[in-house]
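Pasted below: data-v3.cif, mmCIF, C-alpha atoms.
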data_coords
loop_
_atom_site.label_atom_id
_atom_site.label_comp_id
_atom_site.auth_asym_id
_atom_site.auth_seq_id
_atom_site.Cartn_x
_atom_site.Cartn_y
_atom_site.Cartn_z
CA MET A 30 -25.18 -8.32 13.43
CA LYS A 31 -21.50 -7.75 14.20
CA LYS A 32 -19.91 -4.35 13.57
CA VAL A 33 -16.72 -4.65 11.51
CA CYS A 34 -14.70 -1.45 11.25
CA ILE A 35 -12.23 -0.88 8.39
CA ILE A 36 -9.77 2.02 8.61
CA THR A 37 -8.13 3.66 5.59
CA GLY A 38 -5.75 6.60 5.47
CA THR A 39 -4.31 6.56 1.92
CA ARG A 40 -5.49 6.19 -1.67
CA ALA A 41 -3.37 3.06 -2.22
CA GLU A 42 -4.59 1.37 0.95
CA TYR A 43 -8.22 2.02 0.04
CA GLY A 44 -7.69 0.53 -3.41
CA LEU A 45 -6.31 -2.63 -1.84
CA LEU A 46 -9.13 -2.88 0.70
CA LYS A 47 -11.96 -2.09 -1.69
CA PRO A 48 -12.93 -5.72 -2.52
CA LEU A 49 -13.08 -6.51 1.20
CA ILE A 50 -15.11 -3.37 1.94
CA THR A 51 -17.55 -4.29 -0.84
CA LYS A 52 -18.13 -7.82 0.41
CA ILE A 53 -18.53 -6.82 4.05
CA GLU A 54 -21.11 -4.20 3.05
CA LYS A 55 -23.11 -6.86 1.20
CA ASP A 56 -22.86 -9.51 3.93
CA ASP A 57 -26.10 -10.07 5.86
CA ASP A 58 -24.27 -10.99 9.06
CA LEU A 59 -21.91 -8.02 9.22
CA GLU A 60 -22.35 -4.25 9.56
CA LEU A 61 -19.66 -2.23 7.82
CA GLN A 62 -18.12 0.70 9.66
CA LEU A 63 -15.74 2.70 7.48
CA ILE A 64 -13.36 5.20 9.06
CA VAL A 65 -11.48 7.56 6.74
CA THR A 66 -8.47 9.51 7.93
CA GLY A 67 -5.02 10.80 6.96
CA MET A 68 -4.38 11.85 3.37
CA HIS A 69 -7.96 11.11 2.31
CA LEU A 70 -9.05 14.32 4.04
CA SER A 71 -6.28 16.59 2.77
CA PRO A 72 -6.81 18.97 -0.19
CA GLU A 73 -3.07 18.73 -0.84
CA PHE A 74 -3.41 14.98 -1.41
CA GLY A 75 -6.56 15.16 -3.50
CA LEU A 76 -9.41 14.87 -0.96
CA THR A 77 -9.64 11.22 -1.94
CA TYR A 78 -12.45 10.52 0.52
CA LYS A 79 -14.65 11.78 -2.33
CA GLU A 80 -13.59 8.78 -4.43
CA ILE A 81 -14.79 6.53 -1.62
CA GLU A 82 -18.16 8.28 -1.57
CA GLU A 83 -18.37 8.13 -5.38
CA ASP A 84 -17.90 4.38 -5.11
CA GLY A 85 -21.14 4.34 -3.11
CA PHE A 86 -19.76 3.65 0.36
CA ASN A 87 -21.10 5.38 3.45
CA ILE A 88 -18.25 6.81 5.54
CA THR A 89 -18.98 6.23 9.22
CA GLU A 90 -16.47 8.78 10.53
CA LYS A 91 -13.90 11.17 9.07
CA ILE A 92 -10.97 11.66 11.44
CA GLU A 93 -8.68 14.62 10.72
CA ILE A 94 -5.10 14.07 11.84
CA LEU A 95 -2.81 15.69 9.25
CA LEU A 96 -0.93 18.82 10.25
CA SER A 97 0.64 21.23 7.79
CA SER A 98 4.16 19.92 8.44
CA ASP A 99 5.73 16.71 7.09
CA SER A 100 8.70 17.01 9.46
CA SER A 101 9.43 14.34 12.08
CA VAL A 102 7.91 16.57 14.75
CA GLY A 103 4.82 17.21 12.62
CA ILE A 104 4.23 13.51 11.99
CA SER A 105 4.73 12.69 15.68
CA LYS A 106 2.09 15.29 16.55
CA SER A 107 -0.23 13.77 13.93
CA MET A 108 0.19 10.39 15.61
CA GLY A 109 -0.76 11.86 18.97
CA LEU A 110 -3.81 13.57 17.52
CA ALA A 111 -4.80 10.31 15.84
CA MET A 112 -4.70 8.35 19.11
CA VAL A 113 -6.94 10.88 20.85
CA SER A 114 -9.39 11.05 17.93
CA PHE A 115 -9.61 7.31 17.34
CA SER A 116 -10.20 6.55 21.02
CA GLU A 117 -13.14 8.97 21.00
CA CYS A 118 -14.43 7.47 17.77
CA PHE A 119 -14.28 3.88 19.02
CA ALA A 120 -16.17 4.90 22.15
CA ARG A 121 -18.95 6.21 19.89
CA ILE A 122 -19.26 3.48 17.28
CA LYS A 123 -18.58 0.42 19.52
CA SER A 124 -16.97 -1.83 16.91
CA ASP A 125 -16.81 -5.60 17.40
CA LEU A 126 -13.67 -5.89 15.27
CA VAL A 127 -11.22 -3.51 13.58
CA ILE A 128 -9.52 -4.46 10.30
CA VAL A 129 -6.35 -2.67 9.19
CA LEU A 130 -3.76 -3.13 6.47
CA GLY A 131 -0.05 -2.49 6.50
CA ASP A 132 2.26 -0.30 8.47
CA ARG A 133 1.59 3.42 8.31
CA TYR A 134 1.84 5.67 11.35
CA GLU A 135 -1.86 6.60 11.38
CA ILE A 136 -2.77 2.90 11.42
CA PHE A 137 -0.34 2.34 14.30
CA SER A 138 -2.10 5.09 16.26
CA ALA A 139 -5.56 3.72 15.47
CA VAL A 140 -4.58 0.20 16.50
CA SER A 141 -3.01 1.48 19.73
CA ALA A 142 -6.32 3.11 20.65
CA ALA A 143 -8.34 0.02 19.70
CA SER A 144 -6.03 -2.23 21.69
CA VAL A 145 -6.43 -0.19 24.87
CA MET A 146 -10.20 -0.23 24.35
CA ARG A 147 -10.13 -4.05 24.07
CA ILE A 148 -11.40 -4.24 20.50
CA PRO A 149 -10.10 -7.26 18.55
CA ILE A 150 -7.86 -6.30 15.61
CA ALA A 151 -7.37 -8.17 12.35
CA HIS A 152 -4.19 -7.20 10.48
CA LEU A 153 -3.40 -7.68 6.78
CA HIS A 154 0.18 -7.85 5.43
CA GLY A 155 1.96 -8.51 8.71
CA GLY A 156 5.35 -10.17 8.86
CA GLU A 157 6.75 -8.23 5.91
CA THR A 158 9.94 -6.20 5.99
CA THR A 159 10.74 -2.75 4.62
CA GLU A 160 14.18 -2.03 5.98
CA GLY A 161 14.42 1.51 4.59
CA ALA A 162 11.35 2.93 6.34
CA PHE A 163 10.17 3.42 9.91
CA ASP A 164 7.03 1.57 8.79
CA GLU A 165 9.02 -1.60 9.58
CA ALA A 166 8.73 -1.02 13.32
CA PHE A 167 5.10 0.10 13.08
CA ARG A 168 4.14 -3.06 11.17
CA HIS A 169 5.60 -5.46 13.74
CA SER A 170 4.09 -3.41 16.58
CA ILE A 171 0.68 -3.64 14.91
CA THR A 172 1.18 -7.40 14.66
CA LYS A 173 1.68 -7.68 18.42
CA MET A 174 -1.46 -5.65 19.10
CA SER A 175 -3.54 -7.72 16.66
CA PHE A 176 -5.48 -10.89 17.36
CA LEU A 177 -6.06 -12.24 13.86
CA HIS A 178 -3.48 -12.13 11.07
CA PHE A 179 -3.76 -12.41 7.28
CA THR A 180 -0.34 -12.62 5.63
CA SER A 181 0.58 -12.46 1.96
CA THR A 182 3.08 -15.36 1.82
CA GLU A 183 3.96 -18.42 3.90
CA GLU A 184 7.32 -16.91 4.83
CA TYR A 185 5.56 -13.87 6.27
CA ARG A 186 3.14 -16.14 8.12
CA ASN A 187 6.12 -17.86 9.73
CA ARG A 188 7.57 -14.49 10.73
CA VAL A 189 4.34 -13.47 12.48
CA ILE A 190 4.43 -16.77 14.35
CA GLN A 191 8.08 -16.06 15.18
CA LEU A 192 6.85 -12.86 16.84
CA GLY A 193 4.90 -15.05 19.25
CA GLU A 194 1.48 -15.21 17.59
CA ASP A 195 -0.55 -18.43 17.75
CA PRO A 196 -0.36 -20.27 14.38
CA SER A 197 -4.11 -20.99 14.49
CA ARG A 198 -4.76 -17.25 14.17
CA VAL A 199 -2.20 -16.60 11.42
CA LEU A 200 -3.41 -17.36 7.90
CA ASN A 201 -1.56 -17.02 4.60
CA VAL A 202 -4.20 -15.68 2.19
CA GLY A 203 -1.99 -13.88 -0.36
CA ALA A 204 -1.83 -10.19 -1.23
CA ILE A 205 -5.26 -8.60 -1.41
CA GLY A 206 -4.19 -6.19 -4.19
CA ILE A 207 -4.03 -9.05 -6.69
CA GLU A 208 -7.76 -9.62 -6.26
CA SER A 209 -8.57 -6.31 -7.96
CA ILE A 210 -6.21 -7.11 -10.83
CA LYS A 211 -8.11 -10.35 -11.41
CA THR A 212 -11.63 -8.97 -11.00
CA LEU A 213 -11.66 -5.32 -12.16
CA ASP A 214 -12.71 -4.51 -15.73
CA LEU A 215 -9.63 -2.43 -16.53
CA LEU A 216 -9.69 0.39 -19.07
CA SER A 217 -8.51 -0.14 -22.62
CA ARG A 218 -5.40 1.80 -23.61
CA THR A 219 -7.57 4.29 -25.54
CA GLU A 220 -9.96 4.71 -22.61
CA LEU A 221 -7.00 5.29 -20.31
CA GLU A 222 -5.59 7.99 -22.60
CA GLU A 223 -8.96 9.73 -22.71
CA SER A 224 -9.38 9.46 -18.95
CA ILE A 225 -6.00 11.00 -18.08
CA GLY A 226 -5.79 13.39 -21.05
CA PHE A 227 -2.38 12.12 -22.08
CA GLN A 228 -1.18 10.31 -25.20
CA LEU A 229 0.55 6.99 -24.58
CA ASN A 230 1.62 6.38 -28.17
CA SER A 231 5.15 5.32 -27.19
CA LYS A 232 6.86 3.46 -24.36
CA TYR A 233 6.06 4.80 -20.90
CA ALA A 234 7.00 4.25 -17.27
CA LEU A 235 4.74 4.41 -14.23
CA VAL A 236 6.79 6.14 -11.52
CA THR A 237 6.14 6.32 -7.77
CA PHE A 238 8.83 7.35 -5.30
CA HIS A 239 8.24 7.73 -1.57
CA PRO A 240 10.62 9.18 1.05
CA VAL A 241 13.13 6.80 2.61
CA THR A 242 12.19 7.65 6.18
CA LEU A 243 15.12 5.98 7.97
CA GLU A 244 17.73 7.94 6.07
CA ASN A 245 18.49 11.57 6.91
CA HIS A 246 17.60 14.23 4.34
CA CYS A 247 18.36 12.07 1.30
CA SER A 248 14.95 12.01 -0.40
CA GLN A 249 15.64 15.09 -2.49
CA THR A 250 19.01 13.77 -3.69
CA GLN A 251 17.72 10.31 -4.49
CA PHE A 252 14.70 11.60 -6.36
CA GLN A 253 16.82 14.06 -8.34
CA ASN A 254 18.99 11.12 -9.39
CA LEU A 255 15.86 9.37 -10.61
CA LEU A 256 14.73 12.41 -12.60
CA ASP A 257 18.18 12.75 -14.14
CA ALA A 258 18.08 9.07 -15.09
CA LEU A 259 14.66 9.45 -16.72
CA ASP A 260 16.04 12.34 -18.80
CA HIS A 261 18.43 9.82 -20.35
CA PHE A 262 15.46 8.17 -22.13
CA SER A 263 14.09 10.78 -24.49
CA ASP A 264 11.50 8.41 -26.02
CA LEU A 265 10.13 7.20 -22.67
CA LYS A 266 7.00 8.95 -21.41
CA ILE A 267 6.31 9.14 -17.71
CA ILE A 268 3.24 8.92 -15.50
CA PHE A 269 4.06 10.07 -11.97
CA THR A 270 1.91 9.25 -8.96
CA LYS A 271 2.84 11.52 -6.08
CA ALA A 272 4.41 10.64 -2.74
CA ASN A 273 2.64 9.91 0.53
CA ALA A 274 2.43 12.27 3.48
CA ASP A 275 5.65 10.94 4.98
CA THR A 276 8.65 12.95 6.13
CA ASP A 277 9.90 15.01 3.15
CA GLY A 278 7.02 13.85 0.91
CA ARG A 279 6.21 17.44 -0.02
CA ILE A 280 9.75 17.95 -1.36
CA ILE A 281 9.30 15.07 -3.80
CA ASN A 282 5.89 16.29 -4.92
CA LYS A 283 7.21 19.79 -5.61
CA MET A 284 10.03 18.29 -7.68
CA ILE A 285 7.48 16.27 -9.66
CA ASP A 286 5.45 19.38 -10.40
CA ASN A 287 8.56 21.23 -11.59
CA TYR A 288 9.61 18.34 -13.79
CA VAL A 289 6.20 18.05 -15.42
CA ASP A 290 6.08 21.82 -16.02
CA ASN A 291 9.40 21.57 -17.86
CA ASN A 292 8.52 18.40 -19.79
CA ARG A 293 5.04 18.92 -21.21
CA GLY A 294 4.08 16.09 -23.53
CA LYS A 295 6.64 13.74 -21.95
CA ALA A 296 5.37 13.60 -18.37
CA ILE A 297 2.15 13.90 -16.39
CA ALA A 298 1.52 13.68 -12.64
CA PHE A 299 -1.38 12.70 -10.39
CA THR A 300 -2.02 13.19 -6.71
CA SER A 301 -4.38 10.24 -7.01
CA MET A 302 -5.25 8.24 -10.12
CA GLY A 303 -7.80 6.04 -8.37
CA GLN A 304 -7.48 2.28 -8.42
CA LEU A 305 -9.03 1.68 -11.84
CA ARG A 306 -6.81 4.14 -13.69
CA TYR A 307 -3.71 3.22 -11.71
CA LEU A 308 -3.99 -0.51 -12.43
CA SER A 309 -4.91 0.22 -16.05
CA ALA A 310 -1.81 2.42 -16.37
CA MET A 311 0.26 -0.35 -14.85
CA LYS A 312 -1.14 -2.91 -17.28
CA TYR A 313 -0.04 -1.00 -20.40
CA SER A 314 3.22 0.41 -19.03
CA ASN A 315 6.59 -0.85 -20.18
CA LEU A 316 7.95 -0.72 -16.66
CA VAL A 317 7.21 0.45 -13.13
CA VAL A 318 9.92 2.57 -11.49
CA GLY A 319 10.42 3.79 -7.91
CA ASN A 320 10.22 2.34 -4.43
CA SER A 321 6.52 1.66 -3.89
CA SER A 322 5.30 -1.68 -2.57
CA SER A 323 2.97 -1.94 -5.58
CA GLY A 324 6.00 -2.54 -7.78
CA ILE A 325 6.82 -5.59 -5.66
CA LEU A 326 3.37 -6.96 -4.85
CA GLU A 327 1.09 -6.17 -7.79
CA THR A 328 3.21 -5.40 -10.86
CA PRO A 329 4.49 -8.99 -11.37
CA SER A 330 0.88 -10.10 -11.99
CA PHE A 331 1.01 -8.14 -15.26
CA GLY A 332 4.31 -9.71 -16.33
CA ILE A 333 6.08 -6.36 -16.66
CA PRO A 334 9.38 -5.21 -15.12
CA THR A 335 9.86 -3.27 -11.91
CA VAL A 336 12.93 -1.13 -11.29
CA ASN A 337 13.05 -0.95 -7.49
CA ILE A 338 15.27 1.87 -6.23
CA GLY A 339 17.15 1.94 -2.94
CA ASP A 340 16.35 0.46 0.46
CA ARG A 341 12.70 1.31 1.11
CA GLN A 342 11.44 -2.12 0.02
CA ARG A 343 14.57 -4.04 1.00
CA GLY A 344 13.70 -7.36 2.65
CA ARG A 345 10.46 -8.07 0.78
CA ILE A 346 10.03 -11.32 -1.13
CA GLN A 347 10.43 -10.47 -4.80
CA SER A 348 9.59 -11.89 -8.20
CA HIS A 349 12.34 -12.27 -10.81
CA SER A 350 10.65 -9.41 -12.68
CA VAL A 351 12.03 -6.97 -10.09
CA ILE A 352 15.39 -5.31 -10.81
CA ASN A 353 16.96 -3.77 -7.71
CA CYS A 354 19.31 -0.82 -8.00
CA GLU A 355 21.09 1.79 -5.92
CA PRO A 356 19.63 5.33 -5.90
CA THR A 357 22.32 6.69 -8.24
CA LYS A 358 21.76 8.03 -11.73
CA LEU A 359 24.06 5.48 -13.36
CA ASP A 360 22.56 2.46 -11.64
CA ILE A 361 19.00 3.61 -12.35
CA VAL A 362 19.84 4.21 -16.03
CA ASN A 363 21.41 0.77 -16.38
CA SER A 364 18.47 -0.90 -14.62
CA ILE A 365 15.92 0.82 -16.87
CA LYS A 366 17.95 -0.26 -19.91
CA LYS A 367 17.87 -3.86 -18.68
CA SER A 368 14.13 -3.71 -18.03
CA LEU A 369 13.49 -2.62 -21.62
CA GLU A 370 15.61 -5.37 -23.21
CA LYS A 371 13.49 -7.75 -25.26
CA GLY A 372 15.13 -10.81 -23.74
CA PHE A 373 14.31 -9.71 -20.19
CA VAL A 374 10.75 -8.74 -21.11
CA ASP A 375 10.16 -12.10 -22.80
CA ARG A 376 11.51 -14.04 -19.80
CA ILE A 377 9.13 -12.45 -17.31
CA ARG A 378 6.00 -12.24 -19.45
CA ASN A 379 4.30 -15.19 -17.76
CA ILE A 380 6.12 -15.12 -14.46
CA ARG A 381 4.37 -16.36 -11.29
CA ASN A 382 3.60 -13.75 -8.67
CA PRO A 383 4.82 -15.04 -5.26
CA TYR A 384 1.99 -13.11 -3.57
CA GLY A 385 -0.80 -15.36 -4.82
CA SER A 386 -3.60 -15.19 -7.33
CA GLY A 387 -6.47 -13.35 -5.65
CA ASN A 388 -9.73 -14.40 -3.92
CA VAL A 389 -8.43 -12.98 -0.64
CA SER A 390 -11.42 -11.03 0.68
CA GLU A 391 -13.72 -14.05 0.85
CA LYS A 392 -11.16 -15.96 2.93
CA ILE A 393 -10.83 -13.01 5.30
CA ILE A 394 -14.58 -12.62 5.78
CA ASN A 395 -15.04 -16.32 6.52
CA GLU A 396 -12.37 -16.19 9.24
CA VAL A 397 -13.75 -12.94 10.68
CA LYS A 398 -17.27 -14.37 10.92
CA ASN A 399 -15.94 -17.53 12.52
CA LEU A 400 -14.01 -15.48 15.10
CA LEU A 401 -17.03 -13.33 15.98
CA THR A 402 -19.34 -16.31 16.44
CA HIS A 403 -18.23 -16.46 20.08
CA PRO A 404 -16.93 -13.86 22.56
CA VAL A 405 -13.27 -13.13 21.85
CA ASP A 406 -10.83 -13.72 24.69
CA LEU A 407 -8.11 -11.17 23.98
CA LYS A 408 -5.63 -12.65 26.46
CA LYS A 409 -2.78 -14.03 24.35
CA SER A 410 0.01 -16.38 25.36
CA PHE A 411 3.35 -15.86 23.66
CA TYR A 412 3.79 -18.74 21.22
CA ASN A 413 7.41 -19.85 21.60
CA THR A 414 8.39 -21.68 18.43
CA GLU A 415 11.42 -23.27 20.07
CA LEU A 416 9.41 -24.74 22.95
CA GLU A 417 6.71 -26.03 20.62
CA ARG A 418 9.14 -28.15 18.59
#
As a first step, turn the structure in this file into structure tokens.
Amino acid sequence: MKKVCIITGTRAEYGLLKPLITKIEKDDDLELQLIVTGMHLSPEFGLTYKEIEEDGFNITEKIEILLSSDSSVGISKSMGLAMVSFSECFARIKSDLVIVLGDRYEIFSAVSAASVMRIPIAHLHGGETTEGAFDEAFRHSITKMSFLHFTSTEEYRNRVIQLGEDPSRVLNVGAIGIESIKTLDLLSRTELEESIGFQLNSKYALVTFHPVTLENHCSQTQFQNLLDALDHFSDLKIIFTKANADTDGRIINKMIDNYVDNNRGKAIAFTSMGQLRYLSAMKYSNLVVGNSSSGILETPSFGIPTVNIGDRQRGRIQSHSVINCEPTKLDIVNSIKKSLEKGFVDRIRNIRNPYGSGNVSEKIINEVKNLLTHPVDLKKSFYNTELER
């Protein structure tokens, strides 16, 4: 039985990976190893490892890496601590394969350790671009350290190949988050209201705003512009989900708390809603606002608008349901107005999501099992697309 290790450091990442974790756990040929790290272990971010345990999964290792600072120095120190801790962990659990998703700094550190220890790495969502965040560089670095690649579109598959990866090991399977949308029994609107203790008897927006990590000290200004824009819509209720543990994330979260305190009945905030409540809230919302990847990848599957603010997600393939705007009050106000127009809403109601239609985890498991049938030769030749033509 082959040991397949999945690493998760955030609530959103776990929600995306959950179908894959479930199927690996049930597979007779694979042994699931689940490593939990990062924000999952922080009281400030909701101790979301408990949600994983409540879902019935056994956590193989908990790896503490978060320091009390969200400054650039603090995050760099967290990365160093993560490399040390993951190398020790991998020496203990002796994984046959590591599976990771995305581009966060803790995943970069984990993959660096696994690469040095000659453990094959399978990477989900490579080839994508997020020009406003340092995650961009981490993602492409993770691609080069990985052996097997599962991309969310054909264009992203081609980009991974452009980075020199062998096309036979790069598969376009679609975005894994759509699988949960298709398979989860989402809450009714009434059940959602009861679960979050908040009345949704009017239009509401689901709002998530993360720091723009490649811009200096602008998160506070940009988020204040968003709050000022939301004030323009007196009849629009707001569900905030808080920012990640990125540089300046704590500033945004404090601003959310202050806003909710001053707008009782209009706004509510969550450190973590959990996947079921989050997707249910998305389903019944009138729009999704902010700069989270979920507004680009998952929201179009519900046929509702996304107002995508600023540069954080710049470069991603987008559905026509996404309205891009600058991080200014006026542009955000005008974009929200457009998203609420009946004509726009009607046009996108049945729009096709460019990130696929689900059934991703089964494809991944089949490829993983096929790879692990024989010893993996980790020596890779650089695939030169120009020479191969």
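Shortest atom-to-atom contact with Glu370 (chain A) among A:Ser348, A:Ile333, A:Thr237, A:Pro404: A:Ile333, counting only C-alpha atoms.
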### Message
For the PyMOL selection byres ((chain A and resi 199) around 9), applied here, can you spell out every residue it catches as number ranges by chain?
### Response
A: 176-180, 186-187, 189-190, 194-198, 200-201
Which neighbours of region 75-83 of chain A fall inside 9 Å, counting only C-alpha atoms, when residues of the same chain fewer than 4 positions from it are skipped, and could you give them as a compact mmCIF listing (two decimals) with C-alpha atoms, in the coordinates of the input?
# COMPACT_ATOMS: atom_id res chain seq x y z
CA THR A 39 -4.31 6.56 1.92
CA ARG A 40 -5.49 6.19 -1.67
CA TYR A 43 -8.22 2.02 0.04
CA VAL A 65 -11.48 7.56 6.74
CA THR A 66 -8.47 9.51 7.93
CA MET A 68 -4.38 11.85 3.37
CA HIS A 69 -7.96 11.11 2.31
CA LEU A 70 -9.05 14.32 4.04
CA SER A 71 -6.28 16.59 2.77
CA ASN A 87 -21.10 5.38 3.45
CA ILE A 88 -18.25 6.81 5.54
CA LYS A 91 -13.90 11.17 9.07
CA PHE A 299 -1.38 12.70 -10.39
CA THR A 300 -2.02 13.19 -6.71
CA SER A 301 -4.38 10.24 -7.01
CA GLY A 303 -7.80 6.04 -8.37
### Query
Got a sec to resolve the PyMOL selection byres ((chain A and resi 308) around 9) on this structure and send the residues as an MDAnalysis selection string?
chainID A and resid 209:210 215:216 303:307 309:313 327:328
### Query
For the file shown, what are the residues hit by the PyMOL selection byres ((chain A and resi 45) around 9), laid out as number ranges by chain?
A: 40-44, 46-49, 130, 204-209, 304
Output as a Markdown table one row per residue of region 287-316 of chain A within 12 Å of region 249-263 of chain A: the closest atom pair and its distance in Å to one decimal place, counting all atoms listed in the file, sorted by chain and residue number ascending.
| residue | atom | partner | partner_atom | distance |
| --- | --- | --- | --- | --- |
| A:Asn287 | CA | A:Leu256 | CA | 10.8 |
| A:Tyr288 | CA | A:Leu256 | CA | 7.9 |
| A:Val289 | CA | A:Leu256 | CA | 10.6 |
| A:Asn291 | CA | A:Asp260 | CA | 11.4 |
| A:Asn292 | CA | A:Asp260 | CA | 9.7 |
| A:Gly294 | CA | A:Ser263 | CA | 11.4 |
| A:Lys295 | CA | A:Ser263 | CA | 8.4 |
| A:Ala296 | CA | A:Leu259 | CA | 10.3 |
### Query
Skipping near chain neighbours, those fewer than 2 positions away, what residues fall within 9 Å of Thr159 (chain A) using only C-alpha atoms, listed as a ChimeraX atom specification?
/A:157,161-165,340-345
### Task
Go through A:Gly332, A:Gly278, A:Gly387, A:Gly193 one by one, measure the shortest atom-to-atom distance of each to Phe411 (chain A) using only C-alpha atoms, and give the residue with the smallest value.
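Closest to Phe411 (chain A), using only C-alpha atoms: A:Gly193.
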### Message
Just to confirm, what's the straight-line distance from CA of Ile150 (chain A) to CA of Gly131 (chain A) in Å (one decimal)?
### Response
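Interatomic distance, CA of Ile150 (chain A) to CA of Gly131 (chain A): 12.6 Å.
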### Task
Can you work out the spacing between CA of Glu60 (chain A) and CA of Val113 (chain A) in Å, to one decimal?
24.4 Å
